[in-house]
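**Q** I am attaching a structure below and will ask some questions about it afterwards.
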Amino acid sequence: MSEQTIETDVLVVGGGGAGFRAAIGAKEAGVRALLVSKGPLARCGATPMAGADFTLDGLSLSRMGFPGEPKDTKEKFFNDIVTQGFYLNNQKLIEQYIRSAPARLKELLDWGMKVDSSEERAIFTTGLGLVDAVYRRAKACGVDFLEDVMVLDLVTQGGKVVGALGLDISTGELIHFRAKAAVIATGGWHKAFWPNTGMRDLSGEGIAMAHRAGAEIGNMEFITFCCNILLWPPLWRGSLATYILSLRIDAELTNRAGEVFLKKYDPFVVKWGTYMEWNKGFVSFASMREIRDGKGSPHGGIYFGLGSTPYETFEKIALGRFPNWKYKALDLSEMPKIFKEGKPVEVGPVVEYFDGGIVVNEKFETAVEGLYAAGECTLGPFGSNRVCSAITEMLVHGADAGQNAGEYAKKTRMSALPAPVLRDLQGKAEQALGRKDGMKPAQIRRQVQEMAQRNLSPIRTQKELSAFLAFLDKTIQDDLPHLATASKRRVYNKEWVDAIELENMLHLLKCATISALHRAESRGVHFREDFPYTDNDNWLKENIIRYENGALEVYRRPVTTTSVTPPKGKVPYLDMLKKMMESRSDVGGHH
């Protein structure tokens with residue numbers, strides 16, 4: 001069949017906030033920009049579903065006329081991000097985050113985004129309101145768009161990006177993209193886990209294709225699980241509704257034996273570890289410990305009840321957040337009946353955010369010339385624990401990545417696409433479609449997802465990680481080459497997309513597992529039961545993975561510091577957690 005060829009200066013892969021802002025940045029640099037979205041424009045990926053909080057220092061917020069904390073400064077904010085990231089942060093990227101945030105917020109307001117409320121260090125809006133604002137702006141400044149197109153692989157020549165291969169999901173046609181530069185802005189890879197809190201289209205192809213093209217990826221072991229996510233009934237599984245409620249009511253978490261298990265921990269750690277954004281790491285860790293000790297609920301979680309909160313208080317707060325008991329089109333009307341009877345619901349830790357990803361410098365350049373990356377798909381500013389907004393991250397990254405990609409494209413000549421490379425990539429993409437008999441992607445995917453949830457959970461051991469790595473290797477070797485779609489039609493063949501996604505998810509799971517095995521300590525959202533210490537003498541280093549000739553090679557590099565020198569010493573993990581909390585500034589509540 002004939003392939004369509006599309007030419008642009010900057011190809012932006014990803015239809016969320018980072019992608020839109022990168023496309024705007026490229027246009028502002030004076031070049032052509034094409035944004036390719038895997039799903040419907042401005043309605044796919046994580047951004048439309050986001051909470052959505054935008055964090056910046058309180059002084060800047062108050063100067064913009066919001067009730068921010070005027071005693072808060074950029075220096076305090078910087079210190080909090082570093083300490084609460086367990087000192088593993090790239091401090092140059094934190095500086096960029098804090099420096100750029102006020103301008104990114106101001107432009108969103110200028111572009112018509114509405115603010116619902118604010119606190120000391122954050123404003124709140126809606127994911128849809130935010131993505132609609134950047135979409136309108138992108139349209140107004142002449143960005144080109146393609147929707148329902150999945151970019152499968154980058155095309156490189158002589159170590160430079162020259163384009164990409166895409167699949168039009170609705171027609172099954174392959175598309176050749178010629179471009180001088182590319183920006184990967186594809187977000188996380190939630191789909192590798194089940195259950196998860198993300199949109200079902202986040203399968204990590206951006207990170208995987210960048211890795212195959214020669215970019216490095218790093219700190220893949222740091223996977224943030226969100227606590228108190230609904231696990232039962234099945235219709236609610238993966239919903240953040242109970243997590244949102246836990247920030248506003250004094251919820252009681254109990255194990256199968258009816259014990260309020262947080263009472264086992266230092267009261268100071270419990271106070272701050274349930275109030276701030278720390279709760280994701282700390283409560284997920286504490287919940288997982290109960291589950292692993294055989295004290296979990298029937299569906300693999302723990303119990304969430306109202307505790308000392310009167311039902312009337314719960315109802316008032318809940319209806320304020322979930323009018324008519326609806327949350328993001330999910331019907332929660334059974335929930336008040338359960339709580340009115342004094343019963344709990346089942347919740348547990350579920351994947352929410354990825355702290356590692358494509359290695360970029362402060363210009364958002366990767367190791368591949370002409371290739372940039374922005375947002376959650378990058379090894380960003382947060383170190384081993386994200387305690388401020390991914391919304392801010394995607395917009396400050398996107399603006400600079402797009403601008404820099406645009407400036408690069410202005411002084412770069414367009415290259416021809418190498419036919420042999422394209423031929424090989426197309427052959428690989430069509431394997432599952434062309435194979436007569438074989439294994440169904442959906443069956444393998446569910447097994448992989450459930451294994452990932454168990455083995456890359458907030459608590460890990462060498463034995464479990466090694467067994468999972470062996471399982472992944474066997475799946476990659478024995479099952480992946482035998483994937484076959486039942487239907488051979490090209491038009492909207494979901495199973496074909498599933499097969500392509502599965503390869504990317506397996507690749508990233510393998511990288512994360514290898515990184516988790518290498519890191520023989522506990523830090524941030526990575527807890528090794530067999531190494532329960534935070535080891536600042538040996539492990540203040542990033543795990544970086546190269547991918548060459550089909551082999552993964554791990555090396556360590558020092559963290560990038562500017563103004564805060566990390567401490568020395570080896571400290572029990574929970575003691576380190578307490579130190580982090582004690583070092584926080586007196587601003588910046590949960591968000």
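Just remember, in the structure tokens the first chain shown is A, the second B, etc., residues are 1-based per chain, and ligands are 1-based in the order shown.
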For A:Lys463, work out the shell of residues within 10 Å, counting only C-alpha atoms and skipping chain neighbours fewer than 4 positions away, then give it as a ChimeraX atom specification.

**A** /A:455,467-469,517,530

**Q** Produce a table with one row for each residue of stretch 91-204 of chain A that has an atom at most 10 Å from any atom of stretch 546-562 of chain A, each row naming the nearest atom pair and its distance in Å at one decimal; use only C-alpha atoms; arrange rows by chain and rising residue number; format as JSON lines.

**A**
{"residue": "A:Gln91", "atom": "CA", "partner": "A:Thr561", "partner_atom": "CA", "distance": 5.1}
{"residue": "A:Lys92", "atom": "CA", "partner": "A:Thr562", "partner_atom": "CA", "distance": 6.7}
{"residue": "A:Leu93", "atom": "CA", "partner": "A:Thr560", "partner_atom": "CA", "distance": 9.0}
{"residue": "A:Ile94", "atom": "CA", "partner": "A:Thr562", "partner_atom": "CA", "distance": 9.9}
{"residue": "A:Glu95", "atom": "CA", "partner": "A:Thr562", "partner_atom": "CA", "distance": 9.0}

**Q** Rank A:Ile514, A:Ala442, A:Val387, A:Leu540 by their smallest atom-to-atom distance to A:Glu464, using only C-alpha atoms, and report the top residue only.

**A**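 Result for the nearest residue to A:Glu464: A:Ile514.
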
**Q** Could you give me, as a PDB file with N, CA, C and O atoms, in the first residue's frame, the residues within 9 Å of A:Gly172, counting only C-alpha atoms and dropping anything in the same chain fewer than 2 positions from it?

**A**
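Result written to part33.pdb:
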ATOM      1  N   LEU A 167       1.352   5.552  12.477  1.00  0.00           N
ATOM      2  CA  LEU A 167       0.217   4.724  12.056  1.00  0.00           C
ATOM      3  C   LEU A 167      -1.066   5.507  12.262  1.00  0.00           C
ATOM      4  O   LEU A 167      -1.360   5.941  13.385  1.00  0.00           O
ATOM      5  N   ASP A 168      -1.806   5.715  11.186  1.00  0.00           N
ATOM      6  CA  ASP A 168      -3.136   6.318  11.290  1.00  0.00           C
ATOM      7  C   ASP A 168      -4.076   5.219  11.788  1.00  0.00           C
ATOM      8  O   ASP A 168      -4.407   4.294  11.046  1.00  0.00           O
ATOM      9  N   ILE A 169      -4.468   5.300  13.051  1.00  0.00           N
ATOM     10  CA  ILE A 169      -5.235   4.219  13.675  1.00  0.00           C
ATOM     11  C   ILE A 169      -6.581   4.023  12.978  1.00  0.00           C
ATOM     12  O   ILE A 169      -7.054   2.895  12.821  1.00  0.00           O
ATOM     13  N   SER A 170      -7.178   5.111  12.503  1.00  0.00           N
ATOM     14  CA  SER A 170      -8.518   5.002  11.907  1.00  0.00           C
ATOM     15  C   SER A 170      -8.510   4.382  10.511  1.00  0.00           C
ATOM     16  O   SER A 170      -9.495   3.782  10.090  1.00  0.00           O
ATOM     17  N   LEU A 174       0.154   3.639   7.077  1.00  0.00           N
ATOM     18  CA  LEU A 174       1.405   4.092   7.679  1.00  0.00           C
ATOM     19  C   LEU A 174       1.769   5.462   7.118  1.00  0.00           C
ATOM     20  O   LEU A 174       1.519   5.751   5.940  1.00  0.00           O
ATOM     21  N   ARG A 489      -7.705  -6.892   9.209  1.00  0.00           N
ATOM     22  CA  ARG A 489      -8.096  -5.588   8.656  1.00  0.00           C
ATOM     23  C   ARG A 489      -7.214  -4.511   9.273  1.00  0.00           C
ATOM     24  O   ARG A 489      -6.901  -4.552  10.458  1.00  0.00           O
ATOM     25  N   ARG A 490      -6.857  -3.526   8.498  1.00  0.00           N
ATOM     26  CA  ARG A 490      -5.992  -2.460   8.993  1.00  0.00           C
ATOM     27  C   ARG A 490      -6.794  -1.343   9.662  1.00  0.00           C
ATOM     28  O   ARG A 490      -6.282  -0.643  10.536  1.00  0.00           O
ATOM     29  N   VAL A 491      -8.050  -1.175   9.241  1.00  0.00           N
ATOM     30  CA  VAL A 491      -8.867  -0.059   9.720  1.00  0.00           C
ATOM     31  C   VAL A 491      -9.222  -0.267  11.191  1.00  0.00           C
ATOM     32  O   VAL A 491      -9.778  -1.308  11.568  1.00  0.00           O
ATOM     33  N   TYR A 492      -8.876   0.697  12.008  1.00  0.00           N
ATOM     34  CA  TYR A 492      -9.107   0.684  13.449  1.00  0.00           C
ATOM     35  C   TYR A 492      -8.995  -0.724  14.037  1.00  0.00           C
ATOM     36  O   TYR A 492      -9.941  -1.269  14.603  1.00  0.00           O
ATOM     37  N   ASN A 493      -7.801  -1.284  13.920  1.00  0.00           N
ATOM     38  CA  ASN A 493      -7.536  -2.612  14.473  1.00  0.00           C
ATOM     39  C   ASN A 493      -6.881  -2.434  15.851  1.00  0.00           C
ATOM     40  O   ASN A 493      -5.671  -2.290  15.965  1.00  0.00           O
TER      41      ASN A 493
END

**Q** I'd like the contact shell of A:Asn538 - 10 Å cut-off, only C-alpha atoms, skipping same-chain residues fewer than 6 positions apart - returned as a ChimeraX atom specification.

**A** /A:519-521,568-570

**Q** For A:Glu495, find every residue with an atom within 9 Å (counting only C-alpha atoms), except residues of its own chain fewer than 3 positions away, and show them as a PDB file with C-alpha atoms, in the first residue's frame.

**A**
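See result_36.pdb below for the written result:
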ATOM      1  CA  ALA A 432       1.513  -9.132  14.364  1.00  0.00           C
ATOM      2  CA  LEU A 433      -0.878  -8.103  11.594  1.00  0.00           C
ATOM      3  CA  LYS A 440      -3.270 -12.709  21.551  1.00  0.00           C
ATOM      4  CA  PRO A 441      -1.821  -9.449  22.942  1.00  0.00           C
ATOM      5  CA  ALA A 442      -4.621  -8.909  25.493  1.00  0.00           C
ATOM      6  CA  ALA A 484      -0.888 -12.243  16.106  1.00  0.00           C
ATOM      7  CA  THR A 485      -4.071 -10.248  15.574  1.00  0.00           C
ATOM      8  CA  ALA A 486      -7.326 -12.159  15.044  1.00  0.00           C
ATOM      9  CA  SER A 487      -8.471  -9.660  12.416  1.00  0.00           C
ATOM     10  CA  TYR A 492      -9.107   0.684  13.449  1.00  0.00           C
ATOM     11  CA  ASP A 498      -2.226  -3.493  21.532  1.00  0.00           C
ATOM     12  CA  ALA A 499       0.567  -5.634  20.068  1.00  0.00           C
ATOM     13  CA  ILE A 500       2.731  -2.582  19.314  1.00  0.00           C
TER      14      ILE A 500
END

**Q** Which residue gives the smallest distance to A:Arg99 among A:Lys74, A:Arg292, A:Lys328, A:Lys271, with only C-alpha atoms counted?

**A**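 Of all the options, A:Lys74 lies closest to A:Arg99.
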
**Q** Show which residues sit within 9 Å of A:Trp236, as a tab-separated table (two decimals) with N, CA and C atoms, in the first residue's frame. Count only C-alpha atoms, and ignore same-chain residues fewer than 3 positions away.

**A**
chain	number	residue	atom	x	y	z
A	230	LEU	N	-9.40	3.37	44.83
A	230	LEU	CA	-10.47	2.36	44.90
A	230	LEU	C	-10.08	1.09	44.14
A	231	LEU	N	-10.29	-0.05	44.79
A	231	LEU	CA	-10.01	-1.34	44.16
A	231	LEU	C	-11.28	-2.18	43.94
A	232	TRP	N	-12.34	-1.84	44.65
A	232	TRP	CA	-13.56	-2.66	44.55
A	232	TRP	C	-14.76	-1.80	44.88
A	233	PRO	N	-15.90	-1.96	44.18
A	233	PRO	CA	-16.18	-2.93	43.12
A	233	PRO	C	-15.40	-2.64	41.82
A	239	SER	N	-10.03	4.44	40.50
A	239	SER	CA	-10.52	5.81	40.68
A	239	SER	C	-9.82	6.51	41.84
A	241	ALA	N	-11.14	8.88	43.57
A	241	ALA	CA	-12.16	9.54	44.40
A	241	ALA	C	-11.83	9.45	45.89
A	330	LEU	N	-17.88	8.80	36.45
A	330	LEU	CA	-18.04	7.58	37.24
A	330	LEU	C	-19.15	7.77	38.27
A	331	ASP	N	-20.07	6.81	38.34
A	331	ASP	CA	-21.19	6.89	39.26
A	331	ASP	C	-20.76	6.33	40.62
A	332	LEU	N	-20.71	7.20	41.63
A	332	LEU	CA	-20.29	6.81	42.98
A	332	LEU	C	-21.49	6.73	43.94

**Q** What's the 9 Å shell around A:Met150, counting only C-alpha atoms, without same-chain residues fewer than 5 positions away, as a short mmCIF file (atom, residue, chain, number, x, y, z; two decimals) with all heavy atoms, in the first residue's frame?

**A**
data_model
loop_
_atom_site.label_atom_id
_atom_site.label_comp_id
_atom_site.auth_asym_id
_atom_site.auth_seq_id
_atom_site.Cartn_x
_atom_site.Cartn_y
_atom_site.Cartn_z
N VAL A 13 5.43 14.85 19.41
CA VAL A 13 4.73 13.58 19.62
C VAL A 13 4.08 13.61 20.99
O VAL A 13 4.77 13.61 22.01
CB VAL A 13 5.71 12.39 19.52
CG1 VAL A 13 4.96 11.07 19.64
CG2 VAL A 13 6.52 12.46 18.24
N VAL A 36 1.26 15.59 16.85
CA VAL A 36 0.61 14.32 16.53
C VAL A 36 0.06 13.72 17.82
O VAL A 36 0.81 13.45 18.76
CB VAL A 36 1.59 13.33 15.85
CG1 VAL A 36 0.89 12.03 15.51
CG2 VAL A 36 2.18 13.96 14.59
N SER A 37 -1.25 13.52 17.86
CA SER A 37 -1.94 13.01 19.05
C SER A 37 -2.42 11.59 18.79
O SER A 37 -3.04 11.32 17.78
CB SER A 37 -3.13 13.92 19.38
OG SER A 37 -3.89 13.40 20.44
N LYS A 38 -2.14 10.70 19.73
CA LYS A 38 -2.52 9.29 19.58
C LYS A 38 -4.04 9.10 19.61
O LYS A 38 -4.57 8.17 19.02
CB LYS A 38 -1.86 8.49 20.71
CG LYS A 38 -2.01 6.99 20.62
CD LYS A 38 -1.23 6.37 21.77
CE LYS A 38 -1.46 4.90 21.91
NZ LYS A 38 -0.75 4.38 23.09
N GLY A 39 -4.73 9.99 20.33
CA GLY A 39 -6.19 9.93 20.42
C GLY A 39 -6.80 11.23 19.94
O GLY A 39 -6.16 12.02 19.24
N LEU A 165 8.09 7.27 11.84
CA LEU A 165 7.07 6.44 11.20
C LEU A 165 5.84 6.45 12.09
O LEU A 165 5.94 6.25 13.31
CB LEU A 165 7.58 5.00 11.05
CG LEU A 165 6.58 3.99 10.46
CD1 LEU A 165 6.31 4.29 8.99
CD2 LEU A 165 7.08 2.55 10.63
N GLY A 166 4.68 6.69 11.49
CA GLY A 166 3.43 6.73 12.26
C GLY A 166 2.38 5.81 11.69
O GLY A 166 2.50 5.33 10.55
N LEU A 167 1.35 5.55 12.48
CA LEU A 167 0.22 4.72 12.06
C LEU A 167 -1.07 5.51 12.26
O LEU A 167 -1.36 5.94 13.38
CB LEU A 167 0.17 3.44 12.89
CG LEU A 167 -1.09 2.58 12.76
CD1 LEU A 167 -1.20 1.98 11.36
CD2 LEU A 167 -1.13 1.47 13.82
N ASP A 168 -1.81 5.71 11.19
CA ASP A 168 -3.14 6.32 11.29
C ASP A 168 -4.08 5.22 11.79
O ASP A 168 -4.41 4.29 11.05
CB ASP A 168 -3.59 6.85 9.92
CG ASP A 168 -4.91 7.60 10.00
OD1 ASP A 168 -5.77 7.22 10.82
OD2 ASP A 168 -5.11 8.56 9.24
N ILE A 169 -4.47 5.30 13.05
CA ILE A 169 -5.23 4.22 13.68
C ILE A 169 -6.58 4.02 12.98
O ILE A 169 -7.05 2.89 12.82
CB ILE A 169 -5.42 4.51 15.18
CG1 ILE A 169 -4.05 4.49 15.88
CG2 ILE A 169 -6.35 3.49 15.84
CD1 ILE A 169 -4.05 5.02 17.30
N GLU A 205 5.20 4.65 24.68
CA GLU A 205 5.93 4.49 23.41
C GLU A 205 6.95 5.60 23.16
O GLU A 205 7.96 5.37 22.51
CB GLU A 205 4.97 4.38 22.21
CG GLU A 205 4.00 5.51 22.04
CD GLU A 205 2.65 5.19 22.63
OE1 GLU A 205 2.56 4.33 23.53
OE2 GLU A 205 1.68 5.83 22.21
N VAL A 497 -2.79 -2.28 17.55
CA VAL A 497 -2.22 -1.26 18.43
C VAL A 497 -1.76 -1.89 19.75
O VAL A 497 -0.68 -1.58 20.27
CB VAL A 497 -3.25 -0.12 18.69
CG1 VAL A 497 -2.74 0.86 19.74
CG2 VAL A 497 -3.56 0.61 17.38
#

**Q** Which residues in stretch 461-575 of chain A does DSSP call helix (DSSP H, G or I)? List them as a ChimeraX atom specification.

**A** /A:462-482,494-518,573-575

**Q** Could you give me, as a ChimeraX atom specification, each residue of stretch 162-328 of chain A that DSSP assigns to strand (DSSP E) when run on this structure's backbone?

**A** /A:162-168,174-178,181-184,217-218,223-230,252-254,302-305,326-327
